Amino acid sequence: MKRDPDQFTTVLGKYVYRSAYTPGQLASLTAVPKMTIVNWLNGRVKRPRSWQRITAIATAMRLTEAEADELLAAAQHPTIHELREQARSAEEREQLAFWQTSVASQPPPFQTVALPPYFVGREAERADLVADLQAETQSTVICLHGMAGVGKTSLAARVAYDLRAHFVDGVLWARLDSSDTMSILAAFAAAYQRDVSNCLDIASRSGVVRDLLSQRRVLLVLDNAETSEQIEPLLPPTGQCAVLVTTRRQDLSILVGAKRVALRPFSADTTTALALFTQILGKQRVQAEAELLAQIATELGHLPLALVIAASRLAYEPGWETAQFSDRLRRVSQRLHALRYEAQSVRRSFQISYDWLDEDAQQLFGMAGKLGRQDFSAAALAALTLRDEEAVADGLRQLFSLSLVQSGANGRYTLHPLLHDFAQSLATQAPVAQRLVAYWTSFLLAQRYVPAAVAREMGHIEVAVQTAVKEKMIRPLRHMLDALMPTLLTRGAHAQAQQYLTQAQAAIEAAHDLKGRSWLLLRQGQVARDRHYLDIAEQQLQAGLQLARQQRDAVLEAQLLAELGIVYNCMGDFAQGKRFLLEALPLAHLDIEAVGDSLLYVLEELGILALMDKDNKQAAGYYEEGLALAETRGNEAQTVMFLKSLGALAHLEGDAVHARGLFERGFRLAQALQFHKGLMVLGNNLGVVSFGVGEIVAAEGMLQTAFEAAVRLDDKNGMMLIGLNLAYWARFNGRFSQARHAFNDVLALARVQAHTDLIEMVQNQLVSLLVMEREDGERSLSPDPEHLRVFI
């Protein structure tokens, strides 16, 4: 009969498949080069000339003598028995010793895969697994679960090496995703010289293996389990054996009641990631480029597989500079493409999990990638998929069970950064842009005065703004930014506000939208005014007012007039400021809802002007109307400012108790909102009130809080006023050096601001302070609130 030329490839492939070893793993267990094994398996080499290499591979796979004979015969070599008789050297006899000893005297099987040379970290998980697997219990099954690429197999191998001495009867290893159950059972039996080829079904073969293991202490590692059906026939009987299952799944019914160990990416402090880079790139390079490599680790979400691939490409591919590779990884469209090295691929690893999903779950996962790179709610995802929230919550639980999403606080979920990239790359037929912008516009309009709620969703809101700009959705873009501005300005996020407005400007100008340009100038002027760039704010607002009047837009006109009134007041041109504010007032009253917060600003500024004119009654009228309107609209930031103003009015009228109550109420609200301007003005005012009633220590604490808020806002006027109050406080307490330092800080700011009157006043105070120091502080001092000033 004619011999099959591919017989050796066929027989070898059968046993390699059964063993679940890769060519690289077999090469690490023997002296046979990896490419030689690959050439055998793909048929490039039909008949290996060296029987020694064949028997080395057979030994590594723990083939029985009959199986080894089959493999040798396929390569036209003598049988093991014949080779033993022909052996002339001790080395050749040693090569065949595996089949000469009795089963009882053979070393226990150790089928664990080779440990990666770059294995680092995992100390806590490793210690827990070692302790649990050694525990003297009747049945030990542990599930090690985590997302693709997190290093489950490597950790399992490390633990198997740690426990080799404890499991005296061996360590068995099976790769469940690449071997069938019958082959795995045959390999387990062969490890103890039992041939189960006559057992033709899983049940009978499983029974033989359980019997073999019943009186042994063996560790079984079942790697990459996908279903309970794969695991069940491989479990040993209750006794001395232990089982470690690695899987991406958290919903395997066979593992109900088993201890679970969740494996997550390396910690964000980059220590472990840099240790891994050191194993591949070397200590010298990692020390020289630690900052850049730490950035790469952060970009990759500290996922071990991604880190190994990145380090391998930097180490072994020519032409890569670390900065160049880091730049590639920063580009979302290039990131996953860059994360592949020979057979290793982050995308391919994720694809396996994705392919397990049904069509609905795949759509849900893809939609999650259209949201921002932060945690998200089921409600947000439901809006994109047009499903009810309960169905989406069920779908998210399924994704969680497959380690495709992670659960967070308050019922929210998150995607690992690289899984987000993968989900984002998936095609979708749904009109995602319109749904995304509509949902977040609606959210912002409902939550515009709840800064904490808005801040929690900023990653998603940023995506919605960028989408609206890209799709030239001008009206919803304006609505989003109108609703977003209170939160950004309340928190002093001026750079972020300006960034959004710059993005909006490109879309508005491309659309030749004159009304949009007027609106844009309003918002740009508002940001410039809040940053105390008053000349720039005046120019932008005047240009916007001219456009609004050309368009006969009364709402925009009222808003621009209000902002200009505030700007002129800040410039000290109170007559001009009052003229603009009084012109804005009736227009704002015509459509209170449309003008939004502008009426509140008008009332606050007119109240300040009335107070400066010593018309306390009119000031109180403006403030009380403004407070009621702010509370009705739910504008808590503006509520804080009216409480400040009413408190200042009470303070100036000598009602310290009422003033303090209003200030404290406003300060608590500012703290809850993280409203830095509110903390600045109310912290200062509470410090002044505390000083006036002799609470000296409390006064200093509040003034320091206020000053820190002013510095954070870069509010020069605020720093000067609070700095003066701190200087007076220090002088009163006899801390002359501290007082001189505070006065000099105010003097420096006043010179930068060209504030002539203030410069002269501070210089006089420094002279007075020098006199007091020479008199050794003998001058009698008492708390004098007249020296300390409040924000009105």
# chains A, B, ... in the order shown; residues from 1 in each chain; ligands from 1
call {"tool": "select_by_dssp", "arguments": {"residues": "segment 277-383 of chain A", "states": "strand (DSSP E)", "output": "PyMOL selection string"}}
result
chain A and resi 340-341+344-345
call {"tool": "closest_atom_pairs", "arguments": {"of": "segment 677-763 of chain A", "to": "segment 533-536 of chain A", "cutoff": "12 Å", "atoms": "only C-alpha atoms", "output": "tab-separated table"}}
result
residue	atom	partner	partner_atom	distance
A:Asp714	CA	A:Tyr533	CA	11.4
A:Asp715	CA	A:Tyr533	CA	10.7
A:Lys716	CA	A:Tyr533	CA	11.2
A:Gln753	CA	A:Tyr533	CA	11.8
call {"tool": "residues_around", "arguments": {"residues": "Leu726 of chain A", "least_positions_apart": "2", "cutoff": "8 Å", "atoms": "only C-alpha atoms", "output": "PyMOL selection string"}}
result
chain A and resi 700+703-704+722-724+728-730+739+742
call {"tool": "write_last_selection", "arguments": {"atoms": "C-alpha atoms", "output": "mmCIF file, in the first residue's frame"}}
result
data_model
loop_
_atom_site.group_PDB
_atom_site.id
_atom_site.type_symbol
_atom_site.label_atom_id
_atom_site.label_comp_id
_atom_site.auth_asym_id
_atom_site.auth_seq_id
_atom_site.Cartn_x
_atom_site.Cartn_y
_atom_site.Cartn_z
ATOM 1 C CA GLU A 700 -8.497 83.536 59.899
ATOM 2 C CA LEU A 703 -10.293 84.288 55.160
ATOM 3 C CA GLN A 704 -7.705 81.671 54.163
ATOM 4 C CA ILE A 722 -9.070 89.326 50.926
ATOM 5 C CA GLY A 723 -5.315 89.955 51.160
ATOM 6 C CA LEU A 724 -5.985 93.288 52.842
ATOM 7 C CA TYR A 728 -5.421 93.609 59.049
ATOM 8 C CA TRP A 729 -6.111 90.341 60.879
ATOM 9 C CA ALA A 730 -2.371 89.660 61.265
ATOM 10 C CA ALA A 739 0.993 91.479 58.126
ATOM 11 C CA ALA A 742 0.342 90.262 53.223
#
call {"tool": "closest_atom_pairs", "arguments": {"of": "segment 241-359 of chain A", "to": "segment 124-148 of chain A", "cutoff": "10 Å", "atoms": "only C-alpha atoms", "output": "tab-separated table"}}
result
residue	atom	partner	partner_atom	distance
A:Cys241	CA	A:Ser139	CA	7.2
A:Ala242	CA	A:Thr140	CA	4.9
A:Val243	CA	A:Val141	CA	4.7
A:Leu244	CA	A:Ile142	CA	5.0
A:Val245	CA	A:Cys143	CA	4.8
A:Thr246	CA	A:Leu144	CA	4.7
A:Thr247	CA	A:His145	CA	5.0
A:Arg248	CA	A:Gly146	CA	5.1
A:Arg249	CA	A:His145	CA	6.6
A:Gln250	CA	A:His145	CA	6.9
A:Leu252	CA	A:Cys143	CA	9.8
A:Leu255	CA	A:Cys143	CA	7.2
A:Val256	CA	A:Cys143	CA	9.7
A:Gly257	CA	A:Val141	CA	8.9
A:Ala258	CA	A:Val141	CA	5.6
A:Lys259	CA	A:Ile142	CA	5.0
A:Arg260	CA	A:Cys143	CA	4.7
A:Val261	CA	A:Leu144	CA	4.9
A:Ala262	CA	A:His145	CA	5.2
A:Leu263	CA	A:Gly146	CA	5.0
A:Arg264	CA	A:Gly146	CA	6.3
A:Pro265	CA	A:Met147	CA	8.7
A:Leu303	CA	A:Ala148	CA	9.0
A:Pro304	CA	A:Ala148	CA	9.7
A:Leu305	CA	A:Ala148	CA	8.4
A:Val346	CA	A:Ala148	CA	8.1
A:Arg347	CA	A:Ala148	CA	9.8
A:Arg348	CA	A:Ala148	CA	9.7
A:Ser349	CA	A:Ala148	CA	6.0
A:Phe350	CA	A:Ala148	CA	6.1
A:Gln351	CA	A:Ala148	CA	9.4
A:Ile352	CA	A:Ala148	CA	8.7
A:Ser353	CA	A:Ala148	CA	7.7
call {"tool": "residues_around", "arguments": {"residues": "Ala427 of chain A", "least_positions_apart": "2", "cutoff": "12 Å", "atoms": "only C-alpha atoms", "output": "list of chain:residue names"}}
result
A:Gln362, A:Gln363, A:Leu364, A:Phe365, A:Gly366, A:Met367, A:Gly369, A:Lys370, A:Phe422, A:Ala423, A:Gln424, A:Ser425, A:Gln429, A:Ala430, A:Pro431, A:Val432
call {"tool": "write_last_selection", "arguments": {"atoms": "C-alpha atoms", "output": "tab-separated table (two decimals), in the first residue's frame"}}
result
chain	number	residue	atom	x	y	z
A	362	GLN	CA	-23.45	43.15	19.88
A	363	GLN	CA	-25.48	46.24	19.00
A	364	LEU	CA	-25.65	47.27	22.65
A	365	PHE	CA	-21.89	46.86	23.08
A	366	GLY	CA	-21.21	48.85	19.90
A	367	MET	CA	-23.48	51.67	21.09
A	369	GLY	CA	-18.54	52.78	22.39
A	370	LYS	CA	-20.33	55.86	21.04
A	422	PHE	CA	-12.90	48.35	20.01
A	423	ALA	CA	-16.60	49.11	20.58
A	424	GLN	CA	-16.22	52.53	18.95
A	425	SER	CA	-14.73	50.93	15.83
A	429	GLN	CA	-26.67	51.45	11.09
A	430	ALA	CA	-28.57	53.54	13.66
A	431	PRO	CA	-28.62	57.40	13.52
A	432	VAL	CA	-26.38	57.62	16.56
call {"tool": "residues_around", "arguments": {"residues": "Thr467 of chain A", "least_positions_apart": "6", "cutoff": "10 Å", "atoms": "only C-alpha atoms", "output": "PDB file with N, CA and C atoms, in the first residue's frame"}}
result
ATOM      1  N   VAL A 432     -26.909  57.426  15.211  1.00  0.00           N
ATOM      2  CA  VAL A 432     -26.384  57.624  16.564  1.00  0.00           C
ATOM      3  C   VAL A 432     -26.187  59.103  16.875  1.00  0.00           C
ATOM      4  N   ALA A 433     -25.688  59.889  15.914  1.00  0.00           N
ATOM      5  CA  ALA A 433     -25.360  61.295  16.186  1.00  0.00           C
ATOM      6  C   ALA A 433     -26.585  62.051  16.691  1.00  0.00           C
ATOM      7  N   GLN A 434     -27.710  61.907  16.002  1.00  0.00           N
ATOM      8  CA  GLN A 434     -28.916  62.634  16.399  1.00  0.00           C
ATOM      9  C   GLN A 434     -29.395  62.198  17.779  1.00  0.00           C
ATOM     10  N   LEU A 436     -27.595  60.816  20.195  1.00  0.00           N
ATOM     11  CA  LEU A 436     -26.614  61.211  21.202  1.00  0.00           C
ATOM     12  C   LEU A 436     -26.783  62.678  21.579  1.00  0.00           C
ATOM     13  N   VAL A 437     -26.853  63.546  20.582  1.00  0.00           N
ATOM     14  CA  VAL A 437     -26.974  64.983  20.840  1.00  0.00           C
ATOM     15  C   VAL A 437     -28.310  65.295  21.505  1.00  0.00           C
ATOM     16  N   ILE A 461     -20.750  64.434  27.662  1.00  0.00           N
ATOM     17  CA  ILE A 461     -21.171  65.737  27.139  1.00  0.00           C
ATOM     18  C   ILE A 461     -20.160  66.248  26.123  1.00  0.00           C
ATOM     19  N   MET A 473     -24.862  70.674  13.760  1.00  0.00           N
ATOM     20  CA  MET A 473     -26.171  70.752  14.411  1.00  0.00           C
ATOM     21  C   MET A 473     -26.174  71.995  15.302  1.00  0.00           C
ATOM     22  N   LEU A 477     -26.474  72.509  19.471  1.00  0.00           N
ATOM     23  CA  LEU A 477     -25.164  72.879  20.014  1.00  0.00           C
ATOM     24  C   LEU A 477     -25.285  74.106  20.903  1.00  0.00           C
TER      25      LEU A 477
END
call {"tool": "residues_around", "arguments": {"residues": "His302 of chain A", "least_positions_apart": "2", "cutoff": "8 Å", "atoms": "only C-alpha atoms", "output": "NGL selection string"}}
result
:A and (265-268 or 270 or 273 or 297-300 or 304 or 306-307)
call {"tool": "closest_residue", "arguments": {"among": "A:Val120, A:Leu219, A:Met772, A:Ile231", "to": "Leu276 of chain A", "atoms": "only C-alpha atoms"}}
result
A:Val120
call {"tool": "residues_around", "arguments": {"residues": "Leu673 of chain A", "least_positions_apart": "6", "cutoff": "9 Å", "atoms": "only C-alpha atoms", "output": "number ranges by chain"}}
result
A: 450-452, 490-491, 636-637
call {"tool": "write_last_selection", "arguments": {"atoms": "N, CA, C and O atoms", "output": "PDB file, in the first residue's frame"}}
result
ATOM      1  N   VAL A 450     -27.463  71.927  38.347  1.00  0.00           N
ATOM      2  CA  VAL A 450     -26.965  70.892  39.276  1.00  0.00           C
ATOM      3  C   VAL A 450     -25.543  70.547  38.823  1.00  0.00           C
ATOM      4  O   VAL A 450     -25.322  69.540  38.141  1.00  0.00           O
ATOM      5  N   PRO A 451     -24.572  71.382  39.201  1.00  0.00           N
ATOM      6  CA  PRO A 451     -23.201  71.201  38.686  1.00  0.00           C
ATOM      7  C   PRO A 451     -22.617  69.821  38.934  1.00  0.00           C
ATOM      8  O   PRO A 451     -21.883  69.295  38.097  1.00  0.00           O
ATOM      9  N   ALA A 452     -22.934  69.217  40.084  1.00  0.00           N
ATOM     10  CA  ALA A 452     -22.368  67.894  40.375  1.00  0.00           C
ATOM     11  C   ALA A 452     -22.859  66.865  39.371  1.00  0.00           C
ATOM     12  O   ALA A 452     -22.089  66.006  38.914  1.00  0.00           O
ATOM     13  N   THR A 490     -19.319  78.341  37.103  1.00  0.00           N
ATOM     14  CA  THR A 490     -19.397  78.142  38.549  1.00  0.00           C
ATOM     15  C   THR A 490     -18.120  77.508  39.075  1.00  0.00           C
ATOM     16  O   THR A 490     -17.635  77.853  40.150  1.00  0.00           O
ATOM     17  N   ARG A 491     -17.542  76.578  38.292  1.00  0.00           N
ATOM     18  CA  ARG A 491     -16.351  75.850  38.733  1.00  0.00           C
ATOM     19  C   ARG A 491     -15.058  76.482  38.233  1.00  0.00           C
ATOM     20  O   ARG A 491     -13.980  75.919  38.408  1.00  0.00           O
ATOM     21  N   GLU A 636     -28.862  77.548  41.746  1.00  0.00           N
ATOM     22  CA  GLU A 636     -28.282  77.587  43.091  1.00  0.00           C
ATOM     23  C   GLU A 636     -27.050  78.481  43.166  1.00  0.00           C
ATOM     24  O   GLU A 636     -26.784  79.096  44.203  1.00  0.00           O
ATOM     25  N   ALA A 637     -26.289  78.562  42.082  1.00  0.00           N
ATOM     26  CA  ALA A 637     -25.114  79.439  42.092  1.00  0.00           C
ATOM     27  C   ALA A 637     -25.535  80.896  42.257  1.00  0.00           C
ATOM     28  O   ALA A 637     -24.947  81.650  43.047  1.00  0.00           O
TER      29      ALA A 637
END
call {"tool": "closest_residue", "arguments": {"among": "A:Phe791, A:Val113, A:Met702, A:Val392", "to": "Ile608 of chain A", "atoms": "only C-alpha atoms"}}
result
A:Phe791
call {"tool": "atom_distance", "arguments": {"atom1": "atom CA of Asn198 of chain A", "atom2": "atom CA of Leu63 of chain A"}}
result
15.9 Å
call {"tool": "closest_residue", "arguments": {"among": "A:Gly121, A:Trp51, A:Thr278, A:Ala66", "to": "Arg194 of chain A", "atoms": "only C-alpha atoms"}}
result
A:Ala66
call {"tool": "atom_distance", "arguments": {"atom1": "atom CA of Gln559 of chain A", "atom2": "atom CA of Ser598 of chain A"}}
result
5.4 Å
